[in-house]
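Undergrad: Compact mmCIF, C-alpha atoms and all ligand atoms, saved as coords35.txt, coming up:
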```
# COMPACT_ATOMS: atom_id res chain seq x y z
CA MET A 1 7.12 13.41 -58.71
CA THR A 2 5.84 11.34 -55.77
CA ILE A 3 2.14 11.72 -55.17
CA TYR A 4 -0.01 10.05 -52.55
CA THR A 5 -3.41 8.50 -52.15
CA LEU A 6 -5.23 6.94 -49.22
CA GLU A 7 -5.82 3.23 -48.89
CA PRO A 8 -9.64 3.18 -48.44
CA THR A 9 -9.91 0.45 -45.81
CA THR A 10 -7.02 1.70 -43.69
CA PRO A 11 -7.28 5.43 -44.23
CA THR A 12 -4.33 6.40 -42.09
CA ILE A 13 -1.88 4.39 -44.16
CA LEU A 14 -0.47 6.29 -47.09
CA LYS A 15 0.43 4.46 -50.23
CA THR A 16 2.36 5.73 -53.16
CA GLN A 17 -0.21 5.83 -55.94
CA PRO A 18 -0.81 8.68 -58.33
CA LEU A 19 -3.20 11.41 -57.22
CA ARG A 20 -3.50 15.14 -57.83
CA PRO A 21 -0.53 16.77 -56.11
CA LEU A 22 -1.15 18.25 -52.71
CA VAL A 23 -4.87 17.74 -52.21
CA LEU A 24 -3.96 16.41 -48.81
CA ARG A 25 -3.10 19.40 -46.70
CA PRO A 26 -3.39 18.57 -42.98
CA ARG A 27 -2.43 22.15 -42.19
CA ARG A 28 -5.97 23.26 -43.18
CA LEU A 29 -7.27 22.03 -39.83
CA ARG A 30 -4.61 23.95 -37.93
CA LEU A 31 -5.41 27.31 -39.48
CA SER A 32 -7.14 28.96 -36.50
CA GLY A 33 -7.67 28.48 -32.81
CA GLY A 34 -11.31 27.58 -33.40
CA LEU A 35 -10.44 24.84 -35.90
CA ARG A 36 -7.74 23.48 -33.63
CA ARG A 37 -10.22 23.33 -30.75
CA LEU A 38 -12.77 21.49 -32.92
CA VAL A 39 -10.36 18.75 -33.95
CA ARG A 40 -8.54 18.43 -30.62
CA GLU A 41 -8.43 14.77 -29.60
CA THR A 42 -7.51 15.13 -25.93
CA THR A 43 -8.44 17.70 -23.31
CA LEU A 44 -7.32 18.51 -19.79
CA ALA A 45 -9.57 19.66 -16.98
CA PRO A 46 -9.28 19.98 -13.20
CA ASP A 47 -11.46 16.83 -13.04
CA ASP A 48 -8.44 14.87 -14.26
CA PHE A 49 -6.20 15.74 -11.33
CA ILE A 50 -5.34 14.21 -7.99
CA TYR A 51 -3.21 16.40 -5.71
CA PRO A 52 -0.64 14.83 -3.34
CA LEU A 53 -0.39 16.19 0.21
CA PHE A 54 2.40 15.62 2.73
CA VAL A 55 1.20 15.70 6.30
CA ARG A 56 3.39 15.87 9.38
CA THR A 57 2.91 16.13 13.11
CA GLY A 58 3.05 19.51 14.83
CA ASN A 59 1.12 22.74 14.69
CA GLY A 60 1.12 25.69 12.32
CA ILE A 61 3.66 23.96 10.07
CA ARG A 62 4.00 24.80 6.40
CA ASN A 63 7.52 23.59 5.52
CA PRO A 64 8.55 24.27 1.93
CA ILE A 65 10.04 21.19 0.23
CA GLY A 66 13.28 22.46 -1.31
CA SER A 67 13.45 20.07 -4.25
CA MET A 68 9.76 20.58 -5.11
CA PRO A 69 9.09 24.31 -5.53
CA GLY A 70 5.60 25.30 -4.38
CA GLN A 71 5.05 22.08 -2.38
CA PHE A 72 4.88 21.92 1.41
CA GLN A 73 4.78 19.56 4.34
CA LEU A 74 1.68 20.59 6.29
CA SER A 75 0.58 19.93 9.83
CA VAL A 76 -2.95 18.62 10.37
CA ASP A 77 -4.32 22.03 11.44
CA GLN A 78 -3.36 23.43 8.00
CA LEU A 79 -5.40 20.84 6.11
CA ALA A 80 -8.86 22.37 6.41
CA GLY A 81 -7.85 25.52 4.52
CA GLU A 82 -5.82 23.53 2.03
CA ALA A 83 -8.66 21.08 1.35
CA GLU A 84 -11.12 23.92 0.74
CA ALA A 85 -8.70 25.61 -1.66
CA ILE A 86 -8.19 22.38 -3.59
CA ALA A 87 -11.94 21.68 -3.79
CA ASN A 88 -12.59 25.29 -4.88
CA LEU A 89 -10.19 24.83 -7.77
CA GLY A 90 -12.39 21.98 -8.98
CA ILE A 91 -9.87 19.23 -8.20
CA PRO A 92 -11.83 16.14 -7.15
CA ALA A 93 -9.26 14.24 -5.08
CA VAL A 94 -6.15 14.29 -2.92
CA ILE A 95 -3.70 11.52 -2.06
CA LEU A 96 -2.09 11.56 1.37
CA PHE A 97 1.43 10.82 2.54
CA GLY A 98 2.24 10.91 6.24
CA ILE A 99 5.42 11.80 8.08
CA PRO A 100 4.91 10.35 11.57
CA ALA A 101 6.40 11.61 14.83
CA THR A 102 8.08 8.27 15.44
CA LYS A 103 9.06 5.36 13.22
CA ASP A 104 9.58 1.72 14.18
CA SER A 105 10.48 -1.58 12.55
CA CYS A 106 6.88 -2.42 11.57
CA GLY A 107 5.60 1.09 10.82
CA SER A 108 2.94 0.99 13.52
CA ASP A 109 1.91 4.64 13.05
CA ASN A 110 0.25 3.49 9.81
CA PHE A 111 -2.25 1.27 11.64
CA ASN A 112 -2.74 3.47 14.69
CA GLU A 113 -6.18 5.12 14.59
CA ASN A 114 -4.52 8.29 15.91
CA GLY A 115 -1.62 8.02 13.48
CA ILE A 116 -0.78 10.94 11.24
CA VAL A 117 -2.76 9.84 8.18
CA PRO A 118 -5.99 8.88 10.01
CA GLN A 119 -5.85 12.32 11.69
CA ALA A 120 -5.34 13.96 8.31
CA ILE A 121 -8.22 12.03 6.71
CA ARG A 122 -10.61 13.14 9.44
CA ALA A 123 -9.50 16.78 9.16
CA ILE A 124 -9.97 16.86 5.38
CA LYS A 125 -13.31 15.06 5.43
CA GLU A 126 -14.59 17.52 8.01
CA ALA A 127 -13.49 20.59 6.02
CA ALA A 128 -14.39 19.39 2.52
CA PRO A 129 -16.59 16.28 2.68
CA GLU A 130 -16.96 16.10 -1.11
CA LEU A 131 -13.18 15.96 -1.69
CA ILE A 132 -12.17 12.36 -2.40
CA VAL A 133 -9.44 11.19 -0.05
CA ILE A 134 -7.03 8.57 -1.32
CA SER A 135 -4.73 6.99 1.20
CA ASP A 136 -1.33 5.92 -0.14
CA MET A 137 -1.00 2.54 1.53
CA CYS A 138 2.63 1.69 2.13
CA PHE A 139 4.95 1.32 5.09
CA CYS A 140 8.10 3.10 3.92
CA GLU A 141 7.17 6.42 5.51
CA TYR A 142 6.52 4.73 8.87
CA THR A 143 9.34 2.20 9.23
CA SER A 144 12.66 3.03 10.87
CA HIS A 145 14.49 1.25 8.01
CA GLY A 146 12.45 3.00 5.28
CA HIS A 147 11.39 -0.18 3.48
CA CYS A 148 7.82 -0.83 2.41
CA GLY A 149 7.08 -3.62 4.90
CA ILE A 150 8.56 -5.94 7.50
CA ILE A 151 12.21 -6.85 6.97
CA ASN A 152 13.75 -10.23 7.71
CA LEU A 153 16.27 -9.56 10.48
CA PRO A 154 17.45 -11.83 13.31
CA GLY A 155 15.77 -10.92 16.57
CA GLU A 156 12.83 -9.20 14.87
CA ASP A 157 9.27 -10.57 14.74
CA HIS A 158 8.64 -12.98 11.86
CA TYR A 159 12.36 -13.72 11.38
CA ASP A 160 12.72 -16.62 8.96
CA PRO A 161 16.23 -18.13 8.76
CA HIS A 162 15.39 -19.74 5.38
CA LEU A 163 14.92 -16.36 3.76
CA PRO A 164 17.74 -13.90 3.08
CA GLU A 165 18.55 -11.30 5.72
CA GLY A 166 17.18 -7.90 4.75
CA TYR A 167 14.48 -9.50 2.57
CA LEU A 168 11.07 -7.80 2.65
CA LEU A 169 8.78 -10.41 4.21
CA ASN A 170 5.85 -10.54 1.84
CA ASP A 171 3.06 -12.32 3.68
CA PRO A 172 3.50 -10.79 7.16
CA THR A 173 3.47 -7.41 5.42
CA LEU A 174 0.13 -8.28 3.79
CA GLU A 175 -1.48 -8.68 7.16
CA LEU A 176 -0.31 -5.22 8.25
CA LEU A 177 -1.49 -3.69 4.96
CA GLY A 178 -4.95 -5.12 5.58
CA ARG A 179 -4.99 -3.80 9.13
CA ALA A 180 -3.83 -0.31 8.18
CA SER A 181 -6.36 -0.15 5.32
CA THR A 182 -9.29 -0.75 7.65
CA VAL A 183 -7.95 1.93 10.02
CA HIS A 184 -7.75 4.45 7.16
CA ALA A 185 -11.21 3.42 5.90
CA GLU A 186 -12.62 3.86 9.38
CA ALA A 187 -11.14 7.38 9.46
CA GLY A 188 -13.01 8.14 6.23
CA ALA A 189 -10.70 7.31 3.30
CA ASP A 190 -12.64 6.83 0.05
CA ILE A 191 -9.90 4.94 -1.77
CA ILE A 192 -6.98 2.85 -0.55
CA ALA A 193 -4.01 2.95 -2.90
CA PRO A 194 -1.37 0.32 -2.09
CA SER A 195 2.00 1.40 -3.47
CA GLY A 196 4.41 -1.19 -2.14
CA MET A 197 4.36 -3.74 -5.02
CA ILE A 198 3.88 -6.49 -2.43
CA ASP A 199 2.57 -9.74 -3.99
CA GLY A 200 -1.08 -10.28 -3.06
CA MET A 201 -1.59 -6.76 -1.70
CA ILE A 202 -4.88 -6.13 -3.51
CA ASP A 203 -6.47 -9.35 -2.30
CA ALA A 204 -5.23 -8.81 1.26
CA ILE A 205 -6.60 -5.27 1.37
CA ARG A 206 -9.90 -6.13 -0.33
CA SER A 207 -10.46 -9.03 2.08
CA ALA A 208 -9.62 -6.94 5.14
CA LEU A 209 -11.84 -4.07 4.00
CA ASP A 210 -14.75 -6.41 3.32
CA ALA A 211 -14.33 -8.21 6.62
CA GLY A 212 -14.25 -4.84 8.41
CA GLY A 213 -17.51 -3.62 6.84
CA PHE A 214 -15.87 -1.43 4.17
CA GLN A 215 -17.14 -3.05 0.99
CA HIS A 216 -17.87 0.46 -0.32
CA VAL A 217 -14.24 1.60 -0.13
CA SER A 218 -12.32 1.33 -3.44
CA VAL A 219 -8.84 0.01 -4.08
CA MET A 220 -6.58 1.78 -6.57
CA SER A 221 -3.57 -0.37 -7.31
CA TYR A 222 -0.15 1.04 -8.04
CA ALA A 223 -0.15 -1.93 -10.40
CA ALA A 224 2.98 -1.10 -12.37
CA LYS A 225 5.33 0.83 -10.14
CA TYR A 226 8.92 0.98 -11.26
CA ALA A 227 12.12 1.23 -9.19
CA SER A 228 12.76 4.77 -10.39
CA GLY A 229 15.37 7.44 -9.85
CA PHE A 230 12.61 9.98 -10.43
CA TYR A 231 11.35 9.46 -6.85
CA GLY A 232 14.44 11.33 -5.59
CA PRO A 233 12.75 14.53 -4.37
CA PHE A 234 9.86 12.57 -2.81
CA ARG A 235 12.25 10.91 -0.43
CA ASP A 236 13.08 14.36 0.98
CA ALA A 237 9.43 15.32 1.04
CA ALA A 238 8.29 12.17 2.86
CA GLU A 239 11.57 11.66 4.77
CA SER A 240 11.53 8.01 3.80
CA PRO A 241 14.76 6.89 2.05
CA PRO A 242 15.64 3.24 2.70
CA SER A 243 18.43 3.03 5.27
CA PHE A 244 20.04 0.10 3.39
CA GLY A 245 19.66 -1.31 -0.12
CA ASP A 246 17.01 -0.05 -2.49
CA ARG A 247 13.51 -1.07 -3.57
CA SER A 248 14.48 -3.20 -6.57
CA GLN A 249 13.35 -6.45 -4.91
CA TYR A 250 9.75 -5.30 -4.99
CA GLN A 251 9.40 -2.41 -7.46
CA MET A 252 9.66 -3.24 -11.17
CA ASP A 253 12.73 -3.13 -13.35
CA PRO A 254 12.51 -0.08 -15.66
CA ALA A 255 13.59 -2.32 -18.53
CA ASN A 256 10.41 -4.44 -18.43
CA ARG A 257 7.27 -3.86 -20.46
CA ARG A 258 5.49 -7.23 -20.76
CA GLU A 259 5.87 -7.83 -17.03
CA ALA A 260 3.67 -4.79 -16.35
CA LEU A 261 0.74 -6.55 -18.02
CA LYS A 262 1.30 -9.58 -15.80
CA GLU A 263 1.28 -7.37 -12.69
CA VAL A 264 -1.90 -5.69 -13.87
CA ALA A 265 -3.67 -8.95 -14.72
CA ILE A 266 -2.97 -10.23 -11.20
CA ASP A 267 -4.27 -7.05 -9.58
CA VAL A 268 -7.42 -7.09 -11.71
CA ALA A 269 -8.02 -10.73 -10.74
CA GLU A 270 -7.53 -9.81 -7.06
CA GLY A 271 -10.26 -7.16 -7.33
CA ALA A 272 -8.58 -3.81 -7.99
CA ASP A 273 -11.10 -1.08 -8.88
CA MET A 274 -8.56 1.22 -10.53
CA LEU A 275 -5.04 0.89 -11.87
CA MET A 276 -1.99 3.08 -11.86
CA VAL A 277 1.32 3.44 -13.66
CA LYS A 278 4.20 5.18 -11.92
CA PRO A 279 6.23 7.22 -12.88
CA ALA A 280 4.37 8.69 -15.86
CA MET A 281 6.50 10.35 -18.53
CA PRO A 282 9.23 7.70 -18.89
CA TYR A 283 6.51 4.96 -18.93
CA LEU A 284 3.96 6.17 -21.49
CA ASP A 285 4.28 2.89 -23.42
CA ILE A 286 3.16 1.01 -20.30
CA LEU A 287 0.22 3.37 -19.93
CA ALA A 288 -0.80 2.84 -23.56
CA ASP A 289 -0.49 -0.96 -23.18
CA MET A 290 -2.69 -0.92 -20.08
CA ARG A 291 -5.26 1.33 -21.75
CA ARG A 292 -5.42 -1.10 -24.69
CA ASP A 293 -5.71 -4.31 -22.67
CA PHE A 294 -7.79 -3.37 -19.59
CA ASN A 295 -11.02 -1.45 -19.08
CA LEU A 296 -10.54 -0.26 -15.51
CA PRO A 297 -10.04 3.45 -14.82
CA LEU A 298 -6.38 4.21 -15.23
CA ALA A 299 -4.25 6.68 -13.28
CA ALA A 300 -0.73 7.87 -13.95
CA TYR A 301 1.53 9.31 -11.27
CA GLN A 302 3.67 12.19 -12.48
CA VAL A 303 6.23 11.82 -9.73
CA SER A 304 8.38 14.25 -7.78
CA GLY A 305 11.37 14.07 -10.14
CA GLU A 306 9.22 14.77 -13.19
CA TYR A 307 7.88 17.87 -11.43
CA ALA A 308 11.30 18.93 -10.12
CA MET A 309 13.05 18.73 -13.48
CA ILE A 310 10.49 20.90 -15.25
CA HIS A 311 10.75 23.43 -12.42
CA ALA A 312 14.53 23.35 -12.41
CA ALA A 313 14.73 23.98 -16.15
CA ALA A 314 12.14 26.75 -15.90
CA ALA A 315 14.07 28.39 -13.02
CA ASN A 316 17.11 28.48 -15.32
CA GLY A 317 15.07 30.13 -18.06
CA TRP A 318 15.45 27.04 -20.26
CA LEU A 319 11.78 26.01 -20.43
CA ASP A 320 8.47 27.81 -20.10
CA LEU A 321 6.95 26.37 -16.91
CA GLN A 322 3.26 26.61 -17.74
CA ARG A 323 3.59 25.48 -21.31
CA CYS A 324 5.81 22.48 -20.52
CA ALA A 325 3.82 21.43 -17.45
CA LEU A 326 0.59 21.43 -19.46
CA GLU A 327 2.28 19.65 -22.36
CA SER A 328 3.56 16.95 -20.00
CA LEU A 329 0.04 16.48 -18.62
CA ILE A 330 -1.67 16.33 -22.02
CA GLY A 331 0.94 13.78 -23.12
CA ILE A 332 0.11 11.57 -20.15
CA LYS A 333 -3.61 11.91 -20.87
CA ARG A 334 -3.11 11.22 -24.59
CA ALA A 335 -1.17 8.03 -23.80
CA GLY A 336 -4.22 6.69 -21.95
CA ALA A 337 -4.54 8.07 -18.43
CA ASP A 338 -8.03 8.89 -17.15
CA MET A 339 -6.56 10.73 -14.17
CA ILE A 340 -3.18 12.12 -13.22
CA ILE A 341 -1.64 12.38 -9.78
CA THR A 342 0.44 15.51 -10.13
CA TYR A 343 2.10 18.20 -8.03
CA PHE A 344 1.05 20.59 -10.82
CA ALA A 345 -2.65 19.96 -10.05
CA LYS A 346 -3.37 23.30 -8.37
CA ASP A 347 -1.35 25.38 -10.84
CA ALA A 348 -2.79 23.51 -13.82
CA ALA A 349 -6.35 23.97 -12.54
CA ARG A 350 -5.67 27.73 -12.39
CA TRP A 351 -4.02 27.82 -15.81
CA LEU A 352 -6.93 25.94 -17.37
CA ARG A 353 -9.51 28.42 -16.11
C1 LIG B 1 6.05 4.84 -1.53
C2 LIG B 1 5.89 5.95 -2.49
C3 LIG B 1 6.91 6.61 -3.17
C4 LIG B 1 6.27 7.57 -3.96
C5 LIG B 1 4.92 7.48 -3.74
N1 LIG B 1 4.69 6.45 -2.83
C6 LIG B 1 8.37 6.48 -3.07
C7 LIG B 1 9.01 5.22 -3.42
O1 LIG B 1 8.40 4.26 -3.84
O2 LIG B 1 10.22 5.16 -3.27
C8 LIG B 1 6.98 8.50 -4.90
C9 LIG B 1 6.18 9.67 -5.33
C10 LIG B 1 6.97 10.72 -5.98
O3 LIG B 1 8.17 10.59 -6.26
O4 LIG B 1 6.37 11.77 -6.26
N2 LIG B 1 5.07 4.85 -0.56
```
For the structure just supplied, provide its representation as structure tokens.
TA:
Amino acid sequence: MTIYTLEPTTPTILKTQPLRPLVLRPRRLRLSGGLRRLVRETTLAPDDFIYPLFVRTGNGIRNPIGSMPGQFQLSVDQLAGEAEAIANLGIPAVILFGIPATKDSCGSDNFNENGIVPQAIRAIKEAAPELIVISDMCFCEYTSHGHCGIINLPGEDHYDPHLPEGYLLNDPTLELLGRASTVHAEAGADIIAPSGMIDGMIDAIRSALDAGGFQHVSVMSYAAKYASGFYGPFRDAAESPPSFGDRSQYQMDPANRREALKEVAIDVAEGADMLMVKPAMPYLDILADMRRDFNLPLAAYQVSGEYAMIHAAAANGWLDLQRCALESLIGIKRAGADMIITYFAKDAARWLR
């Protein structure tokens, strides 16, 4: 007969030493709902959620996004009602993605004070001033080529013959990121969230915000953002697929774990206020590493593909939507996230009532 005892100094490690059989019955604490609630280690609440919104030009528009059931592209006039509904559900924050009327090689809509996102920020802040507005700071939705910054091409501004053609020009992009961030801050954004994985982006944005009088505006870094296939549905939603190549020269290789801690250390040194991992479910080890090694508030982005696959399976009758959505969210929280950007935010807030 094998019987077990606990090692006193490391109580979770079981050692094979003789003890009365079966005194250790973990099932005792699972006997009833009340006991399970008492010993629950992780909880979910609407406070944990950030809801993504896709905003486009036009009027009276509420376009369903086919690959993301229940999600819509909204025109600016729709945002007041939407912002109030989100705030009433107890969700503290939204993150904005813009689909501009016109795109160009440098994504100028992103730093135009009447661009789509600045308009959206003003509309939301007017309707629900307490709702925190996070501006996703990247150029891919605004550039004609769909890349996250300025591209090295003959004949274009900043062309550098020493660098490869098609290369994302890092430092000229930094300047535009700084400029766009001050425009979004001026419109009322509470948090700027750079998502382009451009080297030096946190420092460039922090410096531009401070120089512009926006020392009170926070920066949430997409510190470890991976080149992921799970962004597939988002590219429909934001109409921003790259017209050539992919994003592997700036987003991280899914195979790398240690490199995430290097990225994070740099962003912390540059002055990030909050950190993010993206996607969430396939990267829970990264989340747990970051939670262990850094003290800043930590967000996880449950991306479009994570949402779409749960919905697709549920639509086939293969998974229970509510149960699996909530389980995915508690898993992300348990791995170390303080907050979760999720398309399930509104549904989950209702389910948790
Ligand atoms: C880039 C950006 C992307 C997402 C958020 N910001 C797409 C990408 O990097 O290719 C993806 C979000 C999602 O899939 O839900 N600005």
Undergrad: So how many Å separate atom CA of Leu35 of chain A and atom CA of Leu22 of chain A, to one decimal?
TA: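 Atom-to-atom, atom CA of Leu35 of chain A and atom CA of Leu22 of chain A are spaced 20.3 Å apart.
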Undergrad: Return as a ChimeraX atom specification every polymer residue, whether protein, DNA or RNA, with at least one atom no more than 6 Å from an atom of ligand LIG 1 (chain B); count only C-alpha atoms and all ligand atoms.
TA: /A:138,140,195,231,234,303-304
Undergrad: Please tell me which residues are no farther than 10 Å from (-4.9, -4.1, 3.2) in the file, counting only C-alpha atoms, and write them as a PyMOL selection string.
TA: chain A and resi 137-138+173-184+192-194+200-209+219
Undergrad: Using all atoms listed in the file, find the one residue out of A:Asp190, A:Glu239, A:Glu156, A:Glu306 that sits nearest to Asp136 of chain A.
TA: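 Looking at the shortest contact to Asp136 of chain A, the residue is A:Asp190.
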Undergrad: May I ask for the distance between atom CA of Cys324 of chain A and atom CA of Leu79 of chain A, given in Å to one decimal place?
TA: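 These atoms are spaced 28.9 Å apart.
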Undergrad: Taking only C-alpha atoms into account, name the residue in A:Leu153, A:Ile95, A:Ser144, A:Val76 that is nearest to Glu126 of chain A.
TA: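 Smallest separation from Glu126 of chain A among the options: A:Val76.
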Undergrad: Please produce segment 85-102 of chain A, completed to N, CA, C and O atoms, as a compact mmCIF listing (two decimals), keeping the file's coordinate frame.
TA:
```
# COMPACT_ATOMS: atom_id res chain seq x y z
N ALA A 85 -9.30 24.99 -0.46
CA ALA A 85 -8.70 25.61 -1.66
C ALA A 85 -8.65 24.63 -2.82
O ALA A 85 -8.96 24.98 -3.97
N ILE A 86 -8.29 23.40 -2.54
CA ILE A 86 -8.19 22.38 -3.59
C ILE A 86 -9.58 22.11 -4.19
O ILE A 86 -9.77 22.08 -5.41
N ALA A 87 -10.57 21.94 -3.31
CA ALA A 87 -11.94 21.68 -3.79
C ALA A 87 -12.45 22.87 -4.60
O ALA A 87 -13.09 22.69 -5.65
N ASN A 88 -12.14 24.10 -4.15
CA ASN A 88 -12.59 25.29 -4.88
C ASN A 88 -11.97 25.41 -6.26
O ASN A 88 -12.53 26.06 -7.15
N LEU A 89 -10.81 24.82 -6.45
CA LEU A 89 -10.19 24.83 -7.77
C LEU A 89 -10.81 23.78 -8.69
O LEU A 89 -10.43 23.66 -9.85
N GLY A 90 -11.73 22.99 -8.16
CA GLY A 90 -12.39 21.98 -8.98
C GLY A 90 -11.64 20.65 -9.07
O GLY A 90 -11.98 19.79 -9.88
N ILE A 91 -10.62 20.50 -8.21
CA ILE A 91 -9.87 19.23 -8.20
C ILE A 91 -10.65 18.23 -7.35
O ILE A 91 -10.99 18.54 -6.21
N PRO A 92 -10.94 17.04 -7.88
CA PRO A 92 -11.83 16.14 -7.15
C PRO A 92 -11.19 15.33 -6.02
O PRO A 92 -11.91 14.81 -5.17
N ALA A 93 -9.84 15.20 -6.02
CA ALA A 93 -9.26 14.24 -5.08
C ALA A 93 -7.86 14.64 -4.62
O ALA A 93 -7.13 15.33 -5.34
N VAL A 94 -7.52 14.16 -3.43
CA VAL A 94 -6.15 14.29 -2.92
C VAL A 94 -5.64 12.89 -2.56
O VAL A 94 -6.42 11.97 -2.32
N ILE A 95 -4.31 12.75 -2.56
CA ILE A 95 -3.70 11.52 -2.06
C ILE A 95 -2.75 11.91 -0.94
O ILE A 95 -2.02 12.90 -1.05
N LEU A 96 -2.80 11.15 0.14
CA LEU A 96 -2.09 11.56 1.37
C LEU A 96 -0.85 10.73 1.65
O LEU A 96 -0.86 9.50 1.53
N PHE A 97 0.20 11.45 2.06
CA PHE A 97 1.43 10.82 2.54
C PHE A 97 1.71 11.37 3.93
O PHE A 97 1.64 12.58 4.15
N GLY A 98 2.03 10.48 4.86
CA GLY A 98 2.24 10.91 6.24
C GLY A 98 3.71 10.85 6.64
O GLY A 98 4.45 9.98 6.20
N ILE A 99 4.10 11.82 7.47
CA ILE A 99 5.42 11.80 8.08
C ILE A 99 5.16 11.72 9.59
O ILE A 99 4.77 12.71 10.22
N PRO A 100 5.31 10.53 10.17
CA PRO A 100 4.91 10.35 11.57
C PRO A 100 5.92 10.93 12.54
O PRO A 100 7.07 11.20 12.17
N ALA A 101 5.49 11.10 13.80
CA ALA A 101 6.40 11.61 14.83
C ALA A 101 7.48 10.58 15.13
O ALA A 101 8.64 10.93 15.33
N THR A 102 7.10 9.32 15.15
CA THR A 102 8.08 8.27 15.44
C THR A 102 7.93 7.13 14.44
O THR A 102 6.83 6.82 13.98
```
